[in-house]
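J.: Just data-v9.cif, nothing more (mmCIF, C-alpha atoms and all ligand atoms):
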```cif
data_protein
loop_
_atom_site.group_PDB
_atom_site.id
_atom_site.type_symbol
_atom_site.label_atom_id
_atom_site.label_comp_id
_atom_site.auth_asym_id
_atom_site.auth_seq_id
_atom_site.Cartn_x
_atom_site.Cartn_y
_atom_site.Cartn_z
ATOM 1 C CA MET A 10 132.137 21.775 139.584
ATOM 2 C CA ALA A 11 130.796 24.053 142.344
ATOM 3 C CA ARG A 12 133.262 26.713 143.502
ATOM 4 C CA LYS A 13 134.685 26.286 146.968
ATOM 5 C CA PRO A 14 133.405 28.668 149.623
ATOM 6 C CA THR A 15 135.810 31.384 150.694
ATOM 7 C CA LEU A 16 136.625 32.859 154.087
ATOM 8 C CA SER A 17 138.494 36.086 154.729
ATOM 9 C CA PRO A 18 139.825 37.640 157.947
ATOM 10 C CA SER A 19 136.790 39.996 157.905
ATOM 11 C CA LYS A 20 134.375 37.077 157.749
ATOM 12 C CA ILE A 21 136.239 35.233 160.498
ATOM 13 C CA THR A 22 136.374 38.256 162.840
ATOM 14 C CA THR A 23 132.696 38.983 162.202
ATOM 15 C CA TYR A 24 131.762 35.397 163.093
ATOM 16 C CA LEU A 25 133.886 35.442 166.242
ATOM 17 C CA ALA A 26 132.347 38.768 167.323
ATOM 18 C CA CYS A 27 128.787 37.507 166.766
ATOM 19 C CA PRO A 28 127.574 34.606 164.587
ATOM 20 C CA VAL A 29 124.216 36.407 164.137
ATOM 21 C CA LYS A 30 126.075 39.399 162.730
ATOM 22 C CA TYR A 31 127.786 36.995 160.311
ATOM 23 C CA ARG A 32 124.334 35.790 159.276
ATOM 24 C CA TRP A 33 123.092 39.295 158.488
ATOM 25 C CA THR A 34 126.332 40.346 156.801
ATOM 26 C CA TYR A 35 127.079 37.326 154.625
ATOM 27 C CA VAL A 36 124.247 34.800 154.611
ATOM 28 C CA ASP A 37 120.798 36.402 154.869
ATOM 29 C CA ALA A 38 119.950 38.977 152.187
ATOM 30 C CA ARG A 39 117.734 40.947 154.591
ATOM 31 C CA GLY A 40 120.877 42.192 156.310
ATOM 32 C CA LYS A 41 121.946 44.372 153.408
ATOM 33 C CA TRP A 42 119.008 46.776 153.936
ATOM 34 C CA TYR A 43 120.338 47.599 157.381
ATOM 35 C CA MET A 44 124.008 48.150 156.583
ATOM 36 C CA LYS A 45 125.070 51.762 156.864
ATOM 37 C CA ALA A 46 128.076 53.418 155.253
ATOM 38 C CA LYS A 47 130.773 54.143 157.838
ATOM 39 C CA SER A 48 132.908 57.255 157.671
ATOM 40 C CA TYR A 49 135.929 55.403 159.047
ATOM 41 C CA TYR A 50 135.737 52.888 156.184
ATOM 42 C CA SER A 51 135.497 55.701 153.638
ATOM 43 C CA PHE A 52 138.416 57.535 155.253
ATOM 44 C CA GLY A 53 140.600 54.417 155.434
ATOM 45 C CA SER A 54 139.763 53.402 151.852
ATOM 46 C CA THR A 55 140.710 56.843 150.538
ATOM 47 C CA LEU A 56 144.118 56.721 152.249
ATOM 48 C CA HIS A 57 144.669 53.151 151.054
ATOM 49 C CA ARG A 58 143.989 54.149 147.446
ATOM 50 C CA VAL A 59 146.604 56.896 147.529
ATOM 51 C CA LEU A 60 149.220 54.731 149.257
ATOM 52 C CA GLU A 61 148.534 51.931 146.800
ATOM 53 C CA ARG A 62 149.526 54.288 143.977
ATOM 54 C CA PHE A 63 152.507 55.710 145.897
ATOM 55 C CA TYR A 64 154.051 52.303 146.599
ATOM 56 C CA ASN A 65 153.179 50.748 143.249
ATOM 57 C CA GLU A 66 156.314 51.144 141.150
ATOM 58 C CA GLU A 67 154.402 50.244 138.004
ATOM 59 C CA ASP A 68 152.026 53.179 138.555
ATOM 60 C CA GLY A 69 154.556 56.017 138.570
ATOM 61 C CA GLY A 70 151.809 58.662 138.822
ATOM 62 C CA VAL A 71 152.192 59.316 142.565
ATOM 63 C CA THR A 72 155.829 59.847 143.528
ATOM 64 C CA THR A 73 155.783 63.259 145.270
ATOM 65 C CA THR A 74 153.814 64.848 148.112
ATOM 66 C CA GLU A 75 151.979 67.091 145.605
ATOM 67 C CA GLU A 76 150.973 64.107 143.478
ATOM 68 C CA ALA A 77 149.872 62.213 146.584
ATOM 69 C CA LEU A 78 147.669 65.117 147.675
ATOM 70 C CA ALA A 79 146.193 65.468 144.166
ATOM 71 C CA SER A 80 145.444 61.747 144.156
ATOM 72 C CA TYR A 81 143.918 62.121 147.642
ATOM 73 C CA GLU A 82 141.452 64.740 146.389
ATOM 74 C CA GLU A 83 140.533 62.564 143.381
ATOM 75 C CA SER A 84 140.122 59.464 145.548
ATOM 76 C CA TRP A 85 138.070 61.032 148.344
ATOM 77 C CA ILE A 86 135.044 58.914 149.336
ATOM 78 C CA ASP A 87 132.343 60.965 151.061
ATOM 79 C CA ALA A 88 130.023 58.150 152.231
ATOM 80 C CA GLY A 89 129.090 57.806 155.895
ATOM 81 C CA TYR A 90 129.885 61.282 157.270
ATOM 82 C CA ARG A 91 127.177 62.773 159.466
ATOM 83 C CA SER A 92 127.749 66.385 158.406
ATOM 84 C CA ALA A 93 129.766 68.585 156.062
ATOM 85 C CA GLU A 94 131.800 69.787 159.072
ATOM 86 C CA GLU A 95 132.680 66.252 160.123
ATOM 87 C CA MET A 96 133.771 65.467 156.571
ATOM 88 C CA ALA A 97 135.840 68.675 156.263
ATOM 89 C CA GLU A 98 137.649 67.832 159.494
ATOM 90 C CA ALA A 99 138.377 64.297 158.319
ATOM 91 C CA PHE A 100 139.546 65.618 154.950
ATOM 92 C CA GLY A 101 142.035 67.931 156.699
ATOM 93 C CA ASP A 102 143.273 65.090 158.932
ATOM 94 C CA GLY A 103 143.793 62.883 155.876
ATOM 95 C CA ARG A 104 145.841 65.562 154.101
ATOM 96 C CA GLU A 105 148.116 65.913 157.131
ATOM 97 C CA ILE A 106 148.496 62.146 157.495
ATOM 98 C CA LEU A 107 149.438 61.685 153.850
ATOM 99 C CA GLU A 108 151.732 64.675 153.714
ATOM 100 C CA ARG A 109 153.708 63.414 156.708
ATOM 101 C CA HIS A 110 153.770 59.788 155.557
ATOM 102 C CA VAL A 111 154.878 60.548 152.003
ATOM 103 C CA GLU A 112 157.471 63.154 153.034
ATOM 104 C CA GLU A 113 159.048 60.718 155.483
ATOM 105 C CA ALA A 114 158.937 57.871 152.983
ATOM 106 C CA ILE A 115 160.743 60.045 150.409
ATOM 107 C CA LYS A 116 163.314 61.356 152.921
ATOM 108 C CA ILE A 117 164.334 58.046 154.502
ATOM 109 C CA PRO A 118 166.245 55.774 152.095
ATOM 110 C CA ARG A 119 164.342 52.512 151.713
ATOM 111 C CA ILE A 120 166.207 49.273 152.190
ATOM 112 C CA ALA A 121 163.180 47.184 151.261
ATOM 113 C CA LYS A 122 161.551 46.852 147.867
ATOM 114 C CA THR A 123 157.765 46.747 147.562
ATOM 115 C CA ILE A 124 156.786 43.662 145.577
ATOM 116 C CA LEU A 125 152.987 43.579 146.042
ATOM 117 C CA VAL A 126 150.362 46.283 146.632
ATOM 118 C CA GLU A 127 146.664 45.708 147.353
ATOM 119 C CA ARG A 128 147.013 42.101 146.287
ATOM 120 C CA GLN A 129 144.558 39.321 147.040
ATOM 121 C CA LEU A 130 146.152 35.996 148.008
ATOM 122 C CA ARG A 131 144.360 32.639 148.260
ATOM 123 C CA HIS A 132 145.191 29.397 150.004
ATOM 124 C CA ASP A 133 143.151 26.225 149.705
ATOM 125 C CA LEU A 134 142.430 24.800 153.166
ATOM 126 C CA GLY A 135 140.370 21.820 152.021
ATOM 127 C CA PRO A 136 136.690 22.611 152.633
ATOM 128 C CA PHE A 137 137.248 26.301 151.838
ATOM 129 C CA VAL A 138 139.684 28.815 150.403
ATOM 130 C CA LEU A 139 141.271 31.368 152.733
ATOM 131 C CA LEU A 140 141.406 34.784 151.077
ATOM 132 C CA GLY A 141 143.204 37.917 152.157
ATOM 133 C CA ARG A 142 143.801 41.303 150.593
ATOM 134 C CA LEU A 143 147.257 42.540 151.572
ATOM 135 C CA ASP A 144 147.910 46.298 151.610
ATOM 136 C CA ARG A 145 151.599 45.944 150.789
ATOM 137 C CA VAL A 146 154.408 43.385 150.841
ATOM 138 C CA ASP A 147 158.038 44.515 151.123
ATOM 139 C CA GLU A 148 161.066 42.357 150.358
ATOM 140 C CA TYR A 149 164.204 42.973 152.445
ATOM 141 C CA PRO A 150 167.767 42.381 151.183
ATOM 142 C CA ASP A 151 168.043 39.141 153.235
ATOM 143 C CA GLY A 152 164.942 37.815 151.442
ATOM 144 C CA THR A 153 162.514 38.376 154.346
ATOM 145 C CA LEU A 154 159.015 39.354 153.272
ATOM 146 C CA GLU A 155 157.046 41.798 155.390
ATOM 147 C CA VAL A 156 153.319 42.288 154.973
ATOM 148 C CA VAL A 157 152.410 45.869 155.857
ATOM 149 C CA ASP A 158 148.915 46.829 156.966
ATOM 150 C CA TYR A 159 147.825 50.462 157.319
ATOM 151 C CA LYS A 160 145.491 51.507 160.139
ATOM 152 C CA SER A 161 143.974 54.943 159.747
ATOM 153 C CA GLY A 162 142.234 55.121 163.146
ATOM 154 C CA ARG A 163 144.944 53.950 165.561
ATOM 155 C CA GLU A 164 147.659 56.103 167.089
ATOM 156 C CA VAL A 165 149.807 53.459 168.778
ATOM 157 C CA VAL A 166 150.698 49.915 167.758
ATOM 158 C CA THR A 167 152.557 47.321 169.801
ATOM 159 C CA GLU A 168 154.171 44.033 168.866
ATOM 160 C CA ASP A 169 151.442 42.303 170.840
ATOM 161 C CA ASP A 170 148.761 44.066 168.746
ATOM 162 C CA VAL A 171 150.306 42.537 165.626
ATOM 163 C CA ALA A 172 150.847 39.104 167.205
ATOM 164 C CA THR A 173 147.190 38.838 168.303
ATOM 165 C CA ASP A 174 145.577 40.300 165.180
ATOM 166 C CA ILE A 175 143.666 37.613 163.266
ATOM 167 C CA ALA A 176 144.037 39.363 159.928
ATOM 168 C CA MET A 177 147.810 39.846 160.305
ATOM 169 C CA ASN A 178 148.227 36.180 161.190
ATOM 170 C CA CYS A 179 146.079 35.114 158.221
ATOM 171 C CA TYR A 180 148.165 37.330 155.918
ATOM 172 C CA GLN A 181 151.317 35.638 157.180
ATOM 173 C CA VAL A 182 150.033 32.138 156.454
ATOM 174 C CA LEU A 183 148.902 33.282 152.998
ATOM 175 C CA LEU A 184 152.312 34.769 152.271
ATOM 176 C CA ARG A 185 154.097 31.698 153.630
ATOM 177 C CA ALA A 186 152.012 29.518 151.310
ATOM 178 C CA LYS A 187 152.904 31.656 148.281
ATOM 179 C CA TYR A 188 156.604 31.975 149.206
ATOM 180 C CA PRO A 189 157.398 28.785 151.203
ATOM 181 C CA ASP A 190 161.170 29.368 151.171
ATOM 182 C CA ARG A 191 161.046 32.842 152.755
ATOM 183 C CA GLN A 192 160.987 34.274 156.264
ATOM 184 C CA VAL A 193 157.721 36.186 156.725
ATOM 185 C CA ARG A 194 156.640 38.812 159.227
ATOM 186 C CA ALA A 195 153.779 41.269 159.575
ATOM 187 C CA ARG A 196 153.811 44.967 160.406
ATOM 188 C CA ILE A 197 150.984 47.348 161.310
ATOM 189 C CA VAL A 198 151.532 51.048 160.578
ATOM 190 C CA ALA A 199 149.357 53.577 162.419
ATOM 191 C CA LEU A 200 149.064 56.247 159.753
ATOM 192 C CA ARG A 201 148.022 59.043 162.153
ATOM 193 C CA THR A 202 151.306 58.939 164.058
ATOM 194 C CA GLY A 203 153.700 56.763 162.063
ATOM 195 C CA SER A 204 153.877 54.342 165.025
ATOM 196 C CA SER A 205 154.518 50.814 163.797
ATOM 197 C CA ALA A 206 155.320 47.377 165.156
ATOM 198 C CA ALA A 207 156.060 43.974 163.668
ATOM 199 C CA SER A 208 155.720 40.359 164.702
ATOM 200 C CA ALA A 209 156.361 36.994 163.048
ATOM 201 C CA LEU A 210 154.698 33.614 163.447
ATOM 202 C CA SER A 211 157.105 30.746 164.074
ATOM 203 C CA ASP A 212 156.779 27.644 161.882
ATOM 204 C CA SER A 213 154.926 25.783 164.623
ATOM 205 C CA GLU A 214 152.598 28.750 165.299
ATOM 206 C CA ALA A 215 151.801 28.997 161.577
ATOM 207 C CA GLU A 216 150.990 25.266 161.433
ATOM 208 C CA GLU A 217 148.808 25.515 164.534
ATOM 209 C CA LEU A 218 146.996 28.524 163.075
ATOM 210 C CA LEU A 219 146.275 26.618 159.875
ATOM 211 C CA ARG A 220 144.800 23.751 161.901
ATOM 212 C CA ASP A 221 142.686 26.192 163.959
ATOM 213 C CA LEU A 222 141.526 28.017 160.828
ATOM 214 C CA ALA A 223 140.512 24.728 159.180
ATOM 215 C CA LYS A 224 138.444 23.818 162.271
ATOM 216 C CA LEU A 225 136.905 27.256 162.704
ATOM 217 C CA GLY A 226 136.203 27.584 158.974
ATOM 218 C CA THR A 227 134.365 24.266 158.951
ATOM 219 C CA GLU A 228 132.264 25.477 161.899
ATOM 220 C CA ILE A 229 131.491 28.806 160.180
ATOM 221 C CA LEU A 230 130.448 27.100 156.968
ATOM 222 C CA SER A 231 128.311 24.419 158.617
ATOM 223 C CA THR A 232 126.423 26.652 161.074
ATOM 224 C CA GLU A 233 122.645 26.698 160.544
ATOM 225 C CA TYR A 234 122.316 30.473 160.644
ATOM 226 C CA ALA A 235 118.519 30.594 160.373
ATOM 227 C CA GLU A 236 118.321 28.683 163.657
ATOM 228 C CA LEU A 237 120.539 31.060 165.619
ATOM 229 C CA THR A 238 118.929 33.339 168.149
ATOM 230 C CA PRO A 239 120.584 36.663 169.006
ATOM 231 C CA THR A 240 121.867 37.319 172.511
ATOM 232 C CA ALA A 241 122.563 40.797 173.871
ATOM 233 C CA LYS A 242 126.258 41.673 174.040
ATOM 234 C CA PRO A 243 128.338 44.854 174.433
ATOM 235 C CA LEU A 244 128.606 45.454 170.695
ATOM 236 C CA CYS A 245 124.830 45.376 170.066
ATOM 237 C CA PRO A 246 124.140 49.114 170.709
ATOM 238 C CA ARG A 247 126.511 50.083 167.871
ATOM 239 C CA CYS A 248 125.495 47.260 165.518
ATOM 240 C CA ASP A 249 123.663 48.047 162.240
ATOM 241 C CA PHE A 250 121.544 44.930 162.679
ATOM 242 C CA LEU A 251 120.050 45.843 166.054
ATOM 243 C CA PRO A 252 116.585 46.572 164.520
ATOM 244 C CA LEU A 253 116.611 43.131 162.871
ATOM 245 C CA CYS A 254 117.647 41.341 166.053
ATOM 246 C CA LYS A 255 115.031 43.258 168.032
ATOM 247 C CA GLN A 256 112.352 41.524 165.975
ATOM 248 C CA ASN A 257 113.127 38.557 168.214
ATOM 249 C CA GLU A 258 111.030 39.252 171.331
ATOM 250 C CA ASP A 259 113.347 37.477 173.774
ATOM 251 C CA PHE A 260 116.330 39.418 172.471
ATOM 252 C CA ALA A 261 114.413 42.719 172.606
ATOM 253 C CA ALA A 262 113.518 42.095 176.266
ATOM 254 C CA GLU A 263 117.083 41.029 177.148
ATOM 255 C CA PHE A 264 118.534 44.047 175.337
ATOM 256 C CA LEU A 265 116.132 46.456 177.067
ATOM 257 C CA ALA A 266 116.923 44.948 180.478
ATOM 258 C CA LYS A 267 120.669 45.388 179.890
ATOM 259 C CA GLU A 268 120.213 48.953 178.613
ATOM 260 C CA THR A 269 118.163 49.992 181.627
ATOM 261 C CA ALA A 270 120.245 48.103 184.230
HETATM 262 S S1 LIG B 301 122.576 43.362 167.367
HETATM 263 FE FE1 LIG B 301 123.900 42.130 168.685
HETATM 264 S S2 LIG B 301 123.159 40.027 168.452
HETATM 265 FE FE2 LIG B 301 122.353 41.231 166.741
HETATM 266 S S3 LIG B 301 123.831 40.957 165.110
HETATM 267 FE FE3 LIG B 301 124.394 42.809 166.155
HETATM 268 S S4 LIG B 301 125.880 42.159 167.677
HETATM 269 FE FE4 LIG B 301 124.841 40.332 167.001
#
```
Any chance you could put this one into structure tokens?
T.:
Amino acid sequence: MARKPTLSPSKITTYLACPVKYRWTYVDARGKWYMKAKSYYSFGSTLHRVLERFYNEEDGGVTTTEEALASYEESWIDAGYRSAEEMAEAFGDGREILERHVEEAIKIPRIAKTILVERQLRHDLGPFVLLGRLDRVDEYPDGTLEVVDYKSGREVVTEDDVATDIAMNCYQVLLRAKYPDRQVRARIVALRTGSSAASALSDSEAEELLRDLAKLGTEILSTEYAELTPTAKPLCPRCDFLPLCKQNEDFAAEFLAKETA
């Protein structure tokens, strides 16, 4: 039997930002020749790897600041930086971020227990499977589960940021499906400052989200991507696929007109 298609928060946000970008990223193989490594992905992935080890009780190899910094050096990903100076600056920032995060985490007694780290969850929504990779899930003494997501670029996070974040809402429905008898909430932690905020979907909001996801997912999976034509939008100048879209003459003219307006 053919495997069901899958959709993740990244795929959904890409589609909502620009269906043509979804085409080049996930559907049409030509897109892969235009994708560039991004320093912010490399930086975020490095920090995630270290924190994964720090919070994973089964690992046991990263429990102190020194071990976290050693793991940071081993895990460093150098793709996407424009110069050695830019990379050295980012490397220094990452050290400071980790040092502060780990020292605080060791100092403050934890009331929650981490039960999942870097875990992929799946939930069958009929025509497709919703997938999500959760950075961390903590269990509180009252049984509440909190999905924690690290952001390495942000300095401030508000409750509204969490409540309106597609990925955080998808993670909550995935966690609710796996643990139907638990209260679930989501928290974003801005690693640069330690700022964090949490928000929880109500039962009715979670049900509505599932209905919306089923509808949107069906649309994403049934779109005829080869027939889409690109239209110029604010994100085009920073998009890897701009050279591909510019092969469409109408788009190239529209893009040029907007750029020179
Ligand atoms: S260049 Fe613009 S239209 Fe083309 S994929 Fe990127 S965002 Fe979409």
J.: Using only C-alpha atoms, which residue out of A:Ala97, A:Gln181, A:Arg109, A:Leu244 lies closest to Leu78 in chain A?
T.: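 The answer is A:Arg109, which sits nearest to Leu78 in chain A.
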J.: Produce the centre coordinates and the three edge lengths, each in Å to one decimal, of the box along x, y and z that contains all listed atoms of ligand LIG 301 (chain B) with 4 Å added on each side, as lines of an AutoDock Vina configuration file.
T.:
```
center_x = 124.1
center_y = 41.7
center_z = 166.9
size_x = 11.5
size_y = 11.3
size_z = 11.6
```
J.: Kindly assemble as a tab-separated table a list of the chain A residues that lie within 7 Å of ligand LIG 301 (chain B), each paired with its nearest atom pair and their distance in Å to one decimal, using only C-alpha atoms and all ligand atoms, sorted first by chain and then by ascending residue number.
T.:
```
residue	atom	partner	partner_atom	distance
A:Cys27	CA	B:LIG301	FE4	4.9
A:Pro28	CA	B:LIG301	FE4	6.8
A:Val29	CA	B:LIG301	S3	4.7
A:Lys30	CA	B:LIG301	S3	3.6
A:Trp33	CA	B:LIG301	S3	6.9
A:Pro239	CA	B:LIG301	S2	4.3
A:Thr240	CA	B:LIG301	S2	5.0
A:Ala241	CA	B:LIG301	S2	5.5
A:Lys242	CA	B:LIG301	FE1	5.9
A:Leu244	CA	B:LIG301	S4	5.2
A:Cys245	CA	B:LIG301	FE1	3.6
A:Pro246	CA	B:LIG301	S1	6.8
A:Cys248	CA	B:LIG301	FE3	4.6
A:Asp249	CA	B:LIG301	FE3	6.6
A:Phe250	CA	B:LIG301	FE3	5.0
A:Leu251	CA	B:LIG301	S1	3.8
A:Cys254	CA	B:LIG301	FE2	4.8
```
J.: Under the PyMOL selection byres (((chain A and resi 190-195) around 8) and not hetatm), which residues of this model are included? Write them out as a list in words.
T.: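 This file gives the following for the PyMOL selection byres (((chain A and resi 190-195) around 8) and not hetatm): Gly152, Thr153, Leu154, Glu155, Val156, Val157, Asp158, Val171, Met177, Asn178, Tyr180, Gln181, Leu184, Arg185, Tyr188, Pro189, Arg196, Ile197, Ala207, Ser208, Ala209 and Leu210 of chain A.
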J.: For Thr55 in chain A, list every protein, DNA or RNA residue within 6 Å, evaluated using only C-alpha atoms, and leave out those in the same chain fewer than 3 positions away; present the list as a PyMOL selection string.
T.: chain A and resi 52+58+84-85
J.: So that I have them on file, write out the residues from the current selection with C-alpha atoms, as a PDB file, in the coordinates of the input.
T.:
```
ATOM      1  CA  PHE A  52     138.416  57.535 155.253  1.00  0.00           C
ATOM      2  CA  ARG A  58     143.989  54.149 147.446  1.00  0.00           C
ATOM      3  CA  SER A  84     140.122  59.464 145.548  1.00  0.00           C
ATOM      4  CA  TRP A  85     138.070  61.032 148.344  1.00  0.00           C
TER       5      TRP A  85
END
```
J.: Could you state the separation of CA of Glu67 in chain A and CA of Asp144 in chain A in Å, given to one decimal place?
T.: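 A separation of 15.6 Å between them.
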J.: Pull the closest atom pair for each residue of range 166-233 of chain A that gets at most 12 Å from range 11-14 of chain A, along with the distance in Å to one decimal, counting only C-alpha atoms, ordering rows by chain and then ascending residue number, as CSV.
T.:
```
residue,atom,partner,partner_atom,distance
A:Gly226,CA,A:Pro14,CA,9.8
A:Thr227,CA,A:Pro14,CA,10.4
A:Ile229,CA,A:Pro14,CA,10.7
A:Leu230,CA,A:Pro14,CA,8.1
A:Ser231,CA,A:Pro14,CA,11.2
```
J.: Take the residues that were just selected and, keeping C-alpha atoms, output them as a compact mmCIF listing (two decimals), in the frame of the given file.
T.:
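That gives us again_3.txt:
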```txt
# COMPACT_ATOMS: atom_id res chain seq x y z
CA GLY A 226 136.20 27.58 158.97
CA THR A 227 134.36 24.27 158.95
CA ILE A 229 131.49 28.81 160.18
CA LEU A 230 130.45 27.10 156.97
CA SER A 231 128.31 24.42 158.62
```
J.: Near Asn65 in chain A, counting all atoms listed in the file, which residues have an atom at most 8 Å away, once you skip same-chain residues fewer than 4 positions from it, shown as a ChimeraX atom specification?
T.: /A:61,69,123,125-126
J.: Create the file for the chosen residues now, containing C-alpha atoms and written as a CSV table (one decimal), in the coordinates of the input.
T.:
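The resulting file, again.csv, is reproduced below:
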```
chain,number,residue,atom,x,y,z
A,61,GLU,CA,148.5,51.9,146.8
A,69,GLY,CA,154.6,56.0,138.6
A,123,THR,CA,157.8,46.7,147.6
A,125,LEU,CA,153.0,43.6,146.0
A,126,VAL,CA,150.4,46.3,146.6
```
J.: Of the candidates A:Ala176, A:Leu134, A:Leu60, A:Ile120, which one gets nearest to Pro150 in chain A if we count all atoms listed in the file?
T.: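 Nearest candidate to Pro150 in chain A out of A:Ala176, A:Leu134, A:Leu60, A:Ile120: A:Ile120.
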J.: Using only C-alpha atoms, pick whichever of A:Leu107, A:Leu183, A:Val198, A:Ala99 has the shortest atom-to-atom distance to Arg128 in chain A.
T.: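 Among the listed residues, A:Leu183 lies closest to Arg128 in chain A.
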J.: Run through the PyMOL selection byres (((chain A and resi 81) around 12) and not hetatm) on the given coordinates and return the selected residues as an NGL selection string.
T.: :A and (52-63 or 71 or 74-80 or 82-86 or 100-108 or 111)
